[in-house]
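*Asks:* If it helps, the file is called run.cif and holds mmCIF, C-alpha atoms:
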```cif
data_final
#
loop_
_atom_site.label_atom_id
_atom_site.label_comp_id
_atom_site.auth_asym_id
_atom_site.auth_seq_id
_atom_site.Cartn_x
_atom_site.Cartn_y
_atom_site.Cartn_z
CA MET T 1 6.44 17.25 3.96
CA LEU T 2 8.85 16.40 1.13
CA GLU T 3 6.12 16.94 -1.46
CA THR T 4 5.18 20.33 -0.01
CA ALA T 5 8.80 21.43 0.15
CA LEU T 6 9.41 20.35 -3.45
CA LYS T 7 6.34 22.26 -4.57
CA ILE T 8 7.49 25.41 -2.80
CA ARG T 9 11.03 24.97 -4.08
CA SER T 10 9.89 24.81 -7.68
CA SER T 11 7.54 27.77 -7.41
CA ILE T 12 9.83 30.36 -5.78
CA ASN T 13 12.27 32.46 -7.76
CA LYS T 14 16.04 32.20 -7.54
CA ASN T 15 16.42 35.23 -5.27
CA THR T 16 14.34 33.67 -2.50
CA SER T 17 16.04 31.32 -0.05
CA LEU T 18 14.00 28.36 1.11
CA ILE T 19 14.73 27.41 4.71
CA VAL T 20 13.27 24.18 6.08
CA ASN T 21 12.36 23.96 9.72
CA GLU T 22 14.87 21.52 11.29
CA ARG T 23 14.46 18.71 8.73
CA ILE T 24 17.96 18.28 7.30
CA ASP T 25 16.78 15.41 5.11
CA ILE T 26 14.01 17.45 3.49
CA ALA T 27 16.33 20.44 3.04
CA LEU T 28 18.95 18.31 1.26
CA LEU T 29 16.46 16.49 -0.95
CA THR T 30 14.94 19.78 -2.07
CA ASN T 31 18.31 21.51 -2.43
CA SER T 32 17.07 24.23 -0.07
CA ALA T 33 19.31 27.01 1.18
CA GLY T 34 19.30 25.76 4.74
CA ILE T 35 17.47 24.77 7.89
CA HIS T 36 16.17 26.55 10.94
CA LEU T 37 16.58 25.12 14.42
CA PRO T 38 13.75 26.02 16.79
CA GLY T 39 14.06 25.59 20.55
CA ASN T 40 14.27 21.89 21.51
CA SER T 41 15.86 21.02 18.20
CA PHE T 42 19.25 19.57 17.26
CA LYS T 43 22.48 20.97 18.63
CA LEU T 44 24.38 23.10 16.12
CA LYS T 45 27.56 21.05 16.43
CA ASP T 46 25.65 17.88 15.55
CA VAL T 47 24.04 19.47 12.49
CA ILE T 48 27.11 21.19 11.05
CA LYS T 49 28.86 17.82 10.54
CA VAL T 50 26.15 16.48 8.24
CA PHE T 51 25.01 19.73 6.66
CA PRO T 52 28.14 21.44 5.37
CA GLY T 53 27.96 24.51 3.21
CA LYS T 54 24.30 25.23 3.95
CA LEU T 55 22.69 27.89 6.10
CA ILE T 56 21.78 27.04 9.67
CA GLY T 57 19.57 29.45 11.59
CA LYS T 58 18.67 29.27 15.23
CA SER T 59 15.92 30.66 17.45
CA VAL T 60 17.28 32.34 20.56
CA HIS T 61 15.58 33.97 23.52
CA SER T 62 18.44 35.64 25.40
CA VAL T 63 21.83 37.30 24.90
CA SER T 64 23.68 34.26 26.25
CA GLU T 65 21.82 31.90 23.89
CA ALA T 66 22.59 34.24 21.01
CA VAL T 67 26.32 34.42 21.76
CA LYS T 68 26.50 30.65 22.20
CA ALA T 69 24.68 30.05 18.90
CA GLU T 70 27.09 32.34 17.07
CA ASN T 71 30.10 30.59 18.63
CA ASP T 72 28.62 27.19 17.74
CA GLY T 73 28.41 28.21 14.09
CA ALA T 74 24.91 29.54 13.43
CA ASP T 75 24.64 31.62 10.24
CA TYR T 76 21.76 33.76 11.49
CA LEU T 77 19.50 34.14 14.51
CA LEU T 78 15.81 34.61 15.11
CA PHE T 79 15.14 36.59 18.28
CA GLY T 80 11.75 37.06 19.85
CA PRO T 81 9.00 37.47 20.59
CA VAL T 82 9.92 41.15 20.36
CA PHE T 83 6.30 42.26 20.64
CA ARG T 84 3.11 40.70 21.95
CA THR T 85 1.84 37.97 19.66
CA PRO T 86 -1.03 35.51 20.21
CA ALA T 87 1.05 32.41 19.49
CA LYS T 88 3.60 33.20 22.21
CA ILE T 89 1.45 34.69 24.99
CA LYS T 90 1.80 31.46 26.95
CA TYR T 91 5.54 32.14 27.36
CA GLY T 92 4.91 35.39 29.26
CA LYS T 93 5.88 38.97 28.47
CA PRO T 94 7.45 39.82 25.10
CA GLN T 95 11.20 40.52 25.03
CA GLY T 96 10.98 44.12 23.86
CA LEU T 97 13.20 46.33 21.71
CA LYS T 98 15.86 46.91 24.38
CA LYS T 99 16.63 43.20 24.59
CA LEU T 100 16.60 42.97 20.83
CA LYS T 101 19.23 45.71 20.74
CA LYS T 102 21.33 43.94 23.35
CA VAL T 103 21.30 40.73 21.33
CA CYS T 104 22.19 42.59 18.11
CA ASP T 105 25.02 44.45 19.87
CA ASN T 106 26.54 41.20 21.11
CA VAL T 107 26.67 39.14 17.92
CA ASN T 108 28.09 39.65 14.45
CA ILE T 109 25.68 37.43 12.51
CA PRO T 110 22.32 38.66 11.14
CA VAL T 111 19.48 38.80 13.67
CA TYR T 112 15.88 38.63 12.51
CA ALA T 113 13.29 40.13 14.86
CA VAL T 114 10.19 37.96 15.24
CA GLY T 115 6.91 38.20 17.12
CA GLY T 116 4.17 40.79 16.69
CA ILE T 117 5.93 42.59 13.85
CA ASN T 118 3.85 45.04 11.81
CA PRO T 119 4.83 47.76 9.30
CA MET T 120 4.94 50.45 12.00
CA ARG T 121 7.38 48.42 14.08
CA ILE T 122 9.88 47.46 11.39
CA LYS T 123 12.00 50.63 11.57
CA LYS T 124 12.12 50.29 15.37
CA CYS T 125 13.56 46.79 14.95
CA THR T 126 16.13 47.80 12.37
CA ALA T 127 17.09 50.82 14.50
CA ALA T 128 17.76 48.36 17.33
CA GLY T 129 20.17 46.55 15.02
CA ALA T 130 17.96 43.84 13.54
CA TYR T 131 19.08 42.67 10.11
CA GLY T 132 15.56 41.70 9.13
CA ILE T 133 12.19 40.60 10.36
CA ALA T 134 10.29 37.31 10.39
CA GLY T 135 6.67 36.45 10.90
CA ILE T 136 3.86 34.02 10.27
CA ARG T 137 0.54 35.50 11.36
CA GLU T 138 1.56 38.99 10.30
CA PHE T 139 1.88 37.86 6.69
CA MET T 140 -1.32 35.83 6.69
CA ILE T 141 -3.93 38.07 8.32
CA THR T 142 -3.98 40.74 5.63
CA GLY T 143 -5.25 38.28 3.03
CA ASN T 144 -2.83 39.71 0.46
CA ILE T 145 0.65 38.35 1.05
CA ARG T 146 2.14 39.99 -2.03
CA LYS T 147 0.99 43.44 -0.92
CA THR T 148 2.03 42.83 2.67
CA ILE T 149 5.51 41.79 1.59
CA SER T 150 5.97 44.90 -0.57
CA ILE T 151 4.89 47.11 2.37
CA TYR T 152 7.39 45.30 4.60
CA ARG T 153 10.15 45.64 2.01
CA LYS T 154 9.50 49.37 1.78
CA GLU T 155 9.78 49.71 5.57
CA LEU T 156 13.01 47.70 5.49
CA GLY T 157 14.32 50.27 2.98
CA GLU T 158 14.59 47.76 0.14
CA LEU T 159 12.14 49.29 -2.32
CA MET G 1 29.11 -3.84 6.52
CA LYS G 2 25.36 -4.15 6.84
CA LYS G 3 24.78 -6.39 9.81
CA LEU G 4 21.26 -7.68 10.27
CA GLY G 5 20.93 -10.21 13.08
CA ARG G 6 17.74 -12.03 13.89
CA LEU G 7 16.59 -10.43 17.14
CA TYR G 8 15.34 -6.91 16.49
CA LEU G 9 14.12 -4.77 19.39
CA ILE G 10 12.11 -1.58 19.01
CA THR G 11 12.41 0.99 21.79
CA ASP G 12 9.00 2.40 22.52
CA THR G 13 8.28 4.91 25.26
CA GLU G 14 4.57 5.17 24.53
CA ILE G 15 3.56 1.65 25.51
CA GLN G 16 5.55 1.88 28.74
CA LYS G 17 6.90 4.78 30.77
CA LYS G 18 9.36 2.91 32.97
CA TYR G 19 12.37 3.05 30.65
CA SER G 20 13.79 5.74 28.36
CA HIS G 21 15.05 4.83 24.89
CA TYR G 22 18.61 4.84 26.18
CA GLU G 23 17.75 2.64 29.15
CA ILE G 24 16.05 0.16 26.84
CA ALA G 25 19.11 0.19 24.59
CA ARG G 26 21.37 -0.56 27.55
CA ILE G 27 19.21 -3.51 28.55
CA ALA G 28 19.14 -4.68 24.93
CA VAL G 29 22.92 -4.52 24.60
CA LYS G 30 23.40 -6.59 27.75
CA ALA G 31 20.69 -9.10 26.93
CA GLY G 32 21.83 -9.68 23.36
CA ALA G 33 19.58 -7.92 20.86
CA ASP G 34 21.12 -7.82 17.37
CA VAL G 35 19.31 -4.75 16.09
CA ILE G 36 17.89 -1.82 18.06
CA GLN G 37 15.41 0.55 16.51
CA LEU G 38 14.62 3.87 18.16
CA ARG G 39 10.98 4.70 17.54
CA ASP G 40 9.57 8.00 18.77
CA LYS G 41 6.97 9.95 16.85
CA ASN G 42 6.16 12.53 19.50
CA LYS G 43 9.14 14.02 21.30
CA PRO G 44 10.91 17.18 20.06
CA SER G 45 13.70 16.36 17.59
CA GLY G 46 16.42 17.66 19.90
CA LEU G 47 15.48 15.23 22.65
CA ILE G 48 15.22 12.27 20.28
CA ALA G 49 18.57 13.17 18.71
CA GLU G 50 20.24 13.48 22.10
CA GLU G 51 19.22 9.92 22.99
CA ALA G 52 19.98 8.68 19.48
CA ILE G 53 23.55 10.00 19.68
CA LYS G 54 24.09 8.21 23.00
CA ILE G 55 22.56 4.96 21.76
CA SER G 56 24.55 5.15 18.53
CA ARG G 57 27.80 5.33 20.51
CA LEU G 58 26.73 2.45 22.73
CA CYS G 59 25.80 0.28 19.75
CA LYS G 60 29.06 1.01 17.91
CA LYS G 61 30.97 -0.03 21.01
CA HIS G 62 29.09 -3.33 21.22
CA ASN G 63 28.82 -3.94 17.47
CA ILE G 64 25.02 -3.80 17.50
CA THR G 65 23.03 -2.44 14.59
CA PHE G 66 21.20 0.80 15.34
CA ILE G 67 18.24 1.91 13.26
CA ILE G 68 16.12 5.05 13.54
CA ASN G 69 12.44 4.88 12.77
CA ASP G 70 11.23 7.27 10.11
CA ARG G 71 13.63 10.19 10.62
CA VAL G 72 16.51 10.20 8.13
CA ASP G 73 17.68 13.52 9.58
CA ILE G 74 18.08 12.02 13.04
CA ALA G 75 19.85 8.99 11.57
CA MET G 76 22.30 11.40 9.91
CA VAL G 77 22.85 13.52 13.01
CA SER G 78 23.41 10.45 15.22
CA ASP G 79 25.37 8.47 12.61
CA ALA G 80 23.04 5.50 13.09
CA ASP G 81 23.46 2.40 10.91
CA GLY G 82 20.23 3.11 9.07
CA VAL G 83 16.55 3.96 9.05
CA HIS G 84 13.28 2.13 9.03
CA LEU G 85 10.66 3.71 6.79
CA GLY G 86 6.97 3.09 7.32
CA ARG G 87 4.41 3.46 4.57
CA THR G 88 4.01 7.21 5.09
CA ASP G 89 7.62 8.19 5.71
CA LEU G 90 10.17 9.40 3.16
CA PRO G 91 10.32 7.18 0.04
CA ILE G 92 13.09 4.56 0.10
CA ARG G 93 14.77 6.05 -2.99
CA GLU G 94 14.99 9.50 -1.41
CA ALA G 95 16.39 8.08 1.80
CA ARG G 96 19.00 6.17 -0.21
CA LYS G 97 20.12 9.39 -1.90
CA LEU G 98 20.89 10.84 1.50
CA LEU G 99 22.32 7.81 3.25
CA GLY G 100 24.26 6.12 0.46
CA ASN G 101 24.74 2.39 -0.05
CA ARG G 102 26.59 1.69 3.16
CA LYS G 103 23.63 2.46 5.40
CA ILE G 104 20.70 0.17 6.05
CA ILE G 105 17.21 1.05 4.88
CA GLY G 106 14.28 -1.04 6.04
CA GLY G 107 10.72 -0.83 4.81
CA THR G 108 7.34 -1.80 6.20
CA ALA G 109 5.10 -4.13 4.23
CA HIS G 110 1.60 -5.36 4.97
CA ASN G 111 1.24 -7.53 1.86
CA LEU G 112 3.24 -9.12 -0.93
CA ALA G 113 2.87 -6.17 -3.31
CA GLU G 114 4.32 -3.77 -0.73
CA ALA G 115 7.09 -6.21 0.11
CA LEU G 116 8.05 -6.61 -3.56
CA SER G 117 7.99 -2.86 -4.02
CA CYS G 118 10.30 -2.30 -1.03
CA GLN G 119 12.66 -4.92 -2.43
CA ALA G 120 12.61 -3.37 -5.90
CA LEU G 121 13.30 0.09 -4.49
CA GLY G 122 16.45 -1.14 -2.81
CA ALA G 123 15.42 -1.79 0.79
CA ASP G 124 17.89 -3.90 2.78
CA TYR G 125 15.17 -5.64 4.76
CA ILE G 126 11.42 -5.70 5.27
CA GLY G 127 9.32 -5.61 8.41
CA TYR G 128 6.18 -7.62 7.73
CA GLY G 129 3.16 -7.74 9.98
CA HIS G 130 1.40 -7.61 12.13
CA ILE G 131 1.58 -11.36 12.61
CA TYR G 132 -0.41 -11.66 15.85
CA PRO G 133 -2.85 -9.32 17.64
CA THR G 134 -0.94 -6.44 19.24
CA LYS G 135 -1.70 -3.45 21.40
CA THR G 136 1.59 -1.67 20.72
CA LYS G 137 0.27 0.06 17.64
CA PHE G 138 -3.31 0.58 16.55
CA LYS G 139 -4.06 -1.81 13.71
CA PRO G 140 -7.28 -1.57 11.72
CA GLU G 141 -6.47 -4.75 9.80
CA LYS G 142 -6.62 -8.34 11.00
CA PRO G 143 -3.36 -10.06 12.00
CA LYS G 144 -1.63 -11.80 9.09
CA GLY G 145 -0.81 -15.06 10.82
CA ILE G 146 1.92 -17.58 10.18
CA LYS G 147 0.69 -18.88 6.82
CA LYS G 148 0.84 -15.52 5.10
CA LEU G 149 4.22 -14.87 6.64
CA SER G 150 5.51 -18.11 5.07
CA GLU G 151 4.26 -17.01 1.67
CA ILE G 152 6.03 -13.67 1.94
CA VAL G 153 9.26 -15.27 3.10
CA LYS G 154 9.24 -17.63 0.10
CA LYS G 155 8.84 -14.79 -2.39
CA ILE G 156 11.14 -12.14 -0.95
CA LYS G 157 14.90 -12.37 -1.35
CA ILE G 158 15.99 -9.74 1.21
CA PRO G 159 15.73 -10.46 4.97
CA VAL G 160 12.20 -10.29 6.37
CA TYR G 161 11.49 -9.54 10.01
CA ALA G 162 8.16 -10.66 11.37
CA ILE G 163 6.58 -8.04 13.59
CA GLY G 164 3.48 -7.66 15.73
CA GLY G 165 2.49 -9.53 18.88
CA ILE G 166 5.63 -11.68 18.92
CA GLY G 167 6.84 -13.01 22.29
CA PRO G 168 8.39 -16.09 23.87
CA GLU G 169 5.12 -18.03 23.51
CA ASN G 170 4.99 -17.84 19.70
CA ILE G 171 8.48 -16.98 18.45
CA THR G 172 9.29 -20.62 17.66
CA ASP G 173 6.27 -20.80 15.33
CA VAL G 174 7.43 -17.57 13.69
CA MET G 175 11.00 -18.76 13.14
CA CYS G 176 9.74 -22.09 11.72
CA THR G 177 8.55 -20.17 8.65
CA GLU G 178 12.26 -19.58 7.87
CA VAL G 179 11.73 -15.87 8.31
CA HIS G 180 15.05 -14.07 8.80
CA GLY G 181 14.19 -12.63 12.20
CA ALA G 182 11.64 -11.19 14.59
CA ALA G 183 11.02 -7.64 15.74
CA VAL G 184 9.71 -7.24 19.26
CA ALA G 185 8.67 -4.40 21.54
CA GLY G 186 5.66 -4.94 23.83
CA SER G 187 6.45 -8.53 24.87
CA VAL G 188 9.85 -7.38 26.12
CA LEU G 189 9.26 -3.83 27.34
CA LYS G 190 6.08 -4.63 29.23
CA SER G 191 7.41 -7.81 30.83
CA SER G 192 8.45 -7.76 34.49
CA ASP G 193 12.08 -8.44 33.51
CA PRO G 194 12.89 -7.16 29.98
CA ALA G 195 16.49 -8.45 30.05
CA LYS G 196 15.34 -11.94 30.96
CA THR G 197 12.62 -11.93 28.31
CA LEU G 198 15.11 -10.81 25.66
CA LYS G 199 17.61 -13.48 26.64
CA ASN G 200 14.83 -16.02 26.49
CA LEU G 201 13.83 -14.83 23.00
CA ARG G 202 17.44 -15.04 21.92
CA LYS G 203 17.68 -18.64 23.09
CA LEU G 204 14.47 -19.51 21.27
CA ILE G 205 15.66 -17.85 18.05
CA TYR G 206 19.18 -19.22 17.99
CA GLY G 207 18.24 -22.48 19.68
CA CYS G 208 21.01 -22.71 22.21
#
```
Here is a file; write its structure as structure tokens.

*Replies:*
Amino acid sequence: MLETALKIRSSINKNTSLIVNERIDIALLTNSAGIHLPGNSFKLKDVIKVFPGKLIGKSVHSVSEAVKAENDGADYLLFGPVFRTPAKIKYGKPQGLKKLKKVCDNVNIPVYAVGGINPMRIKKCTAAGAYGIAGIREFMITGNIRKTISIYRKELGEL
Amino acid sequence: MKKLGRLYLITDTEIQKKYSHYEIARIAVKAGADVIQLRDKNKPSGLIAEEAIKISRLCKKHNITFIINDRVDIAMVSDADGVHLGRTDLPIREARKLLGNRKIIGGTAHNLAEALSCQALGADYIGYGHIYPTKTKFKPEKPKGIKKLSEIVKKIKIPVYAIGGIGPENITDVMCTEVHGAAVAGSVLKSSDPAKTLKNLRKLIYGC
């Protein structure tokens, strides 16, 4: 994992933040911007002590989790799945835009919408208060990540 | 101070399901283990860290050395005394950058070349094995045996722990090689009375 992270770190430009999934050690050794805590990961209070000055993101699935994460010191949140997505079907129905809005209304840190995002849905997410969007499959299935990203950026109003 | 006593117990919740890591640690503290290593390659990080934080507190209270297998991040979060790095984990040098000189870093070696390399890279101790046949971990190679262990011990300056298939029936042979200590898991955790087995091992190691 360290090798992969180092490779990514050296190939991205300075404007892109590299976030490592939960591995504080790998994030520090690669001088990455921060870590992301998925469900079942470390508690924020335990991480903050050993990871000062770096970004800590957290996945949340409800308003109460979101508020708690903000109070515990998270720098940003990932909320989802907003829409239906194959990877998360096993967890039941998607959360929907209304819940996304409720989460965004109740916290002051950036919220990224995740789960089943496509270009047509981006404006709906930002209208609900999302700061940005996140995805895995959505970026991979088109076969042209560069093009996909520029379409997404356009929808986010950044191009 | 880096404290490395001779009786080293690895908590393993794969080879037995009766005790959690924390429960094993409690038994180990009472029965007199010198070093406890938490080894868990499967559970979500949050759950491992939760137990690690509890065990770390317990070990500090009883002045026992607490080591985390493989995960430098969990060692940092739980303020453990150090990490043990296998052959595929983070390199020793990288771990040292994160943990500094006050923390313990152990390395695994299966032969003299690996042992010398761990020593040269700044490991504080080496786990060498497996000495005897063991079912705790799958081992494609043959057991090393006592003779090879003696050779390693003679050539390595940092403490060496013998590991693999060690129990009350053979620990005296192991310690006769002048190895620093022995790491145990299966012989203790799968015995009918782990505390009693540990105490017995302790007697056999320290000879009193």

*Asks:* For the structure shown, which residues end up in the PyMOL selection byres ((chain G and resi 167) around 12)? Put them as number ranges by chain, please?

*Replies:* G: 7-9, 131-134, 162-166, 168-175, 182-191, 194, 197-202, 204-205

*Asks:* Kindly give the distance, in Å, that separates CA of Phe79 (chain T) and CA of Arg153 (chain T), rounded to a single decimal.

*Replies:*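 About the pair CA of Phe79 (chain T) and CA of Arg153 (chain T): they are 19.3 Å apart.
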
*Asks:* Report, in Å with one decimal, the straight-line distance from CA of Pro143 (chain G) to CA of Asn69 (chain G).

*Replies:*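 Rounded to one decimal, the two atoms are 21.8 Å apart.
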
*Asks:* If you take only C-alpha atoms and a cut-off of 8 Å, which residues of chain T touch chain G, and what are their nearest atom pairs and distances in Å to one decimal, in chain and number order, as a Markdown table?

*Replies:*
```
| residue | atom | partner | partner_atom | distance |
| --- | --- | --- | --- | --- |
| T:Leu2 | CA | G:Leu90 | CA | 7.4 |
| T:Arg23 | CA | G:Asp73 | CA | 6.2 |
| T:Ile24 | CA | G:Asp73 | CA | 5.3 |
| T:Asp25 | CA | G:Asp73 | CA | 4.9 |
| T:Leu28 | CA | G:Leu98 | CA | 7.7 |
| T:Leu29 | CA | G:Glu94 | CA | 7.2 |
| T:Asn40 | CA | G:Gly46 | CA | 5.0 |
| T:Ser41 | CA | G:Gly46 | CA | 3.8 |
| T:Phe42 | CA | G:Gly46 | CA | 4.3 |
| T:Lys43 | CA | G:Gly46 | CA | 7.0 |
| T:Asp46 | CA | G:Val77 | CA | 5.8 |
| T:Val47 | CA | G:Val77 | CA | 6.1 |
| T:Lys49 | CA | G:Val77 | CA | 7.8 |
| T:Val50 | CA | G:Val77 | CA | 6.5 |
```

*Asks:* Please measure the separation of CA of Glu151 (chain G) and CA of Phe66 (chain G), giving the value in Å to one decimal.

*Replies:*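 Computed distance, CA of Glu151 (chain G) to CA of Phe66 (chain G), equals 28.1 Å.
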
*Asks:* Check the smallest atom-to-atom distance from each of T:Ala113, T:Lys102, T:Gly143, T:Ile89 to Ser59 (chain T) using all atoms listed in the file, then report the winner.

*Replies:*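 Checking each of T:Ala113, T:Lys102, T:Gly143, T:Ile89 against Ser59 (chain T), counting all atoms listed in the file, the winner is T:Ala113.
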
*Asks:* Can you list what the PyMOL selection byres ((chain T and resi 37) around 7) grabs from this structure, as a PDB file with C-alpha atoms, keeping the file's coordinate frame?

*Replies:*
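Output file out39.pdb is given in full below:
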```pdb
ATOM      1  CA  ASN T  21      12.360  23.960   9.720  1.00  0.00           C
ATOM      2  CA  GLU T  22      14.870  21.520  11.290  1.00  0.00           C
ATOM      3  CA  ILE T  35      17.470  24.770   7.890  1.00  0.00           C
ATOM      4  CA  HIS T  36      16.170  26.550  10.940  1.00  0.00           C
ATOM      5  CA  PRO T  38      13.750  26.020  16.790  1.00  0.00           C
ATOM      6  CA  GLY T  39      14.060  25.590  20.550  1.00  0.00           C
ATOM      7  CA  SER T  41      15.860  21.020  18.200  1.00  0.00           C
ATOM      8  CA  PHE T  42      19.250  19.570  17.260  1.00  0.00           C
ATOM      9  CA  GLY T  57      19.570  29.450  11.590  1.00  0.00           C
ATOM     10  CA  LYS T  58      18.670  29.270  15.230  1.00  0.00           C
ATOM     11  CA  SER T  59      15.920  30.660  17.450  1.00  0.00           C
TER      12      SER T  59
END
```

*Asks:* With the file shown as input, list the residues that the PyMOL selection byres ((chain T and resi 62) around 9) selects, as a ChimeraX atom specification.

*Replies:* /T:60-61,63-67,79-80,95,99-100,103

*Asks:* Which residues are near Leu121 (chain G)? Cut-off 12 Å, all atoms listed in the file, ignore same chain within fewer than 3 positions. Put them as an mmCIF file with C-alpha atoms, in the frame of the given file.

*Replies:*
```
data_model
loop_
_atom_site.group_PDB
_atom_site.id
_atom_site.type_symbol
_atom_site.label_atom_id
_atom_site.label_comp_id
_atom_site.auth_asym_id
_atom_site.auth_seq_id
_atom_site.Cartn_x
_atom_site.Cartn_y
_atom_site.Cartn_z
ATOM 1 C CA PRO G 91 10.320 7.180 0.040
ATOM 2 C CA ILE G 92 13.090 4.560 0.100
ATOM 3 C CA ARG G 93 14.770 6.050 -2.990
ATOM 4 C CA GLU G 94 14.990 9.500 -1.410
ATOM 5 C CA ALA G 95 16.390 8.080 1.800
ATOM 6 C CA ARG G 96 19.000 6.170 -0.210
ATOM 7 C CA LYS G 97 20.120 9.390 -1.900
ATOM 8 C CA ILE G 105 17.210 1.050 4.880
ATOM 9 C CA GLY G 106 14.280 -1.040 6.040
ATOM 10 C CA GLY G 107 10.720 -0.830 4.810
ATOM 11 C CA GLU G 114 4.320 -3.770 -0.730
ATOM 12 C CA ALA G 115 7.090 -6.210 0.110
ATOM 13 C CA LEU G 116 8.050 -6.610 -3.560
ATOM 14 C CA SER G 117 7.990 -2.860 -4.020
ATOM 15 C CA CYS G 118 10.300 -2.300 -1.030
ATOM 16 C CA ASP G 124 17.890 -3.900 2.780
ATOM 17 C CA TYR G 125 15.170 -5.640 4.760
ATOM 18 C CA ILE G 126 11.420 -5.700 5.270
ATOM 19 C CA ILE G 158 15.990 -9.740 1.210
#
```

*Asks:* Have a look at T:Ile109, T:Lys90, T:Glu158, T:Val82 and name the one nearest to Lys124 (chain T); count only C-alpha atoms.

*Replies:*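 Of the candidates, the smallest distance to Lys124 (chain T) is held by T:Val82.
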
*Asks:* Pick the closest to Lys148 (chain G) from G:Gly122, G:Arg57, G:Leu112, G:Tyr161: which is it, counting all atoms listed in the file?

*Replies:* G:Leu112

*Asks:* Neighbouring residues of Thr30 (chain T) were defined as those with any atom within 7 Å, considering all atoms listed in the file; residues of the same chain fewer than 2 positions away were excluded. Please report them as a ChimeraX atom specification.

*Replies:* /T:5-6,9,26-28,32

*Asks:* Up to 10 Å from (23.1, 28.6, 9.8) in the file's coordinates: name the residues, counting all atoms listed in the file, as an mmCIF file with C-alpha atoms, in the frame of the given file.

*Replies:*
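Saved to point.cif:
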```
data_model
loop_
_atom_site.group_PDB
_atom_site.id
_atom_site.type_symbol
_atom_site.label_atom_id
_atom_site.label_comp_id
_atom_site.auth_asym_id
_atom_site.auth_seq_id
_atom_site.Cartn_x
_atom_site.Cartn_y
_atom_site.Cartn_z
ATOM 1 C CA ILE T 19 14.730 27.410 4.710
ATOM 2 C CA ALA T 33 19.310 27.010 1.180
ATOM 3 C CA GLY T 34 19.300 25.760 4.740
ATOM 4 C CA ILE T 35 17.470 24.770 7.890
ATOM 5 C CA HIS T 36 16.170 26.550 10.940
ATOM 6 C CA LEU T 37 16.580 25.120 14.420
ATOM 7 C CA LEU T 44 24.380 23.100 16.120
ATOM 8 C CA VAL T 47 24.040 19.470 12.490
ATOM 9 C CA ILE T 48 27.110 21.190 11.050
ATOM 10 C CA PHE T 51 25.010 19.730 6.660
ATOM 11 C CA PRO T 52 28.140 21.440 5.370
ATOM 12 C CA GLY T 53 27.960 24.510 3.210
ATOM 13 C CA LYS T 54 24.300 25.230 3.950
ATOM 14 C CA LEU T 55 22.690 27.890 6.100
ATOM 15 C CA ILE T 56 21.780 27.040 9.670
ATOM 16 C CA GLY T 57 19.570 29.450 11.590
ATOM 17 C CA LYS T 58 18.670 29.270 15.230
ATOM 18 C CA ALA T 69 24.680 30.050 18.900
ATOM 19 C CA GLU T 70 27.090 32.340 17.070
ATOM 20 C CA ASP T 72 28.620 27.190 17.740
ATOM 21 C CA GLY T 73 28.410 28.210 14.090
ATOM 22 C CA ALA T 74 24.910 29.540 13.430
ATOM 23 C CA ASP T 75 24.640 31.620 10.240
ATOM 24 C CA TYR T 76 21.760 33.760 11.490
ATOM 25 C CA LEU T 77 19.500 34.140 14.510
ATOM 26 C CA ILE T 109 25.680 37.430 12.510
#
```

*Asks:* Could you check which of G:Leu85, G:Lys144, G:Tyr206, G:Met1 is closest to Asn101 (chain G), using only C-alpha atoms?

*Replies:*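 Closest candidate: G:Met1.
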
*Asks:* What lies within 9 Å of region 21-34 of chain G using all atoms listed in the file, ignoring chain neighbours under 2 positions off, as number ranges by chain?

*Replies:* G: 3-13, 19, 36-40, 48, 51-52, 54-55, 58-59, 62-66, 189, 194-199, 202

*Asks:* Please identify all polymer residues within 7 Å of His110 (chain G), counting all atoms listed in the file, omitting same-chain residues fewer than 2 positions from it, and present them as an mmCIF file with C-alpha atoms, in the frame of the given file.

*Replies:*
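Once everything was written out, this is selection22.cif:
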```
data_model
loop_
_atom_site.group_PDB
_atom_site.id
_atom_site.type_symbol
_atom_site.label_atom_id
_atom_site.label_comp_id
_atom_site.auth_asym_id
_atom_site.auth_seq_id
_atom_site.Cartn_x
_atom_site.Cartn_y
_atom_site.Cartn_z
ATOM 1 C CA THR G 108 7.340 -1.800 6.200
ATOM 2 C CA GLU G 114 4.320 -3.770 -0.730
ATOM 3 C CA TYR G 128 6.180 -7.620 7.730
ATOM 4 C CA GLY G 129 3.160 -7.740 9.980
#
```

*Asks:* Taking only N, CA and C atoms, show region 81-86 of chain G of the given structure as a PDB file, in the first residue's frame.

*Replies:*
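What ended up in decode-v1.pdb:
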```pdb
ATOM      1  N   ASP G  81       3.679   0.330  22.893  1.00  0.00           N
ATOM      2  CA  ASP G  81       5.129   0.494  23.059  1.00  0.00           C
ATOM      3  C   ASP G  81       5.889   0.245  21.763  1.00  0.00           C
ATOM      4  N   GLY G  82       5.203  -0.364  20.784  1.00  0.00           N
ATOM      5  CA  GLY G  82       5.895  -0.596  19.522  1.00  0.00           C
ATOM      6  C   GLY G  82       5.103  -1.448  18.561  1.00  0.00           C
ATOM      7  N   VAL G  83       5.786  -1.828  17.481  1.00  0.00           N
ATOM      8  CA  VAL G  83       5.147  -2.682  16.463  1.00  0.00           C
ATOM      9  C   VAL G  83       6.039  -3.872  16.137  1.00  0.00           C
ATOM     10  N   HIS G  84       5.379  -4.904  15.646  1.00  0.00           N
ATOM     11  CA  HIS G  84       6.119  -6.024  15.080  1.00  0.00           C
ATOM     12  C   HIS G  84       5.820  -6.084  13.592  1.00  0.00           C
ATOM     13  N   LEU G  85       6.874  -6.043  12.776  1.00  0.00           N
ATOM     14  CA  LEU G  85       6.679  -6.017  11.331  1.00  0.00           C
ATOM     15  C   LEU G  85       7.090  -7.340  10.698  1.00  0.00           C
ATOM     16  N   GLY G  86       6.130  -7.954  10.007  1.00  0.00           N
ATOM     17  CA  GLY G  86       6.436  -9.186   9.282  1.00  0.00           C
ATOM     18  C   GLY G  86       7.155  -8.853   7.993  1.00  0.00           C
TER      19      GLY G  86
END
```
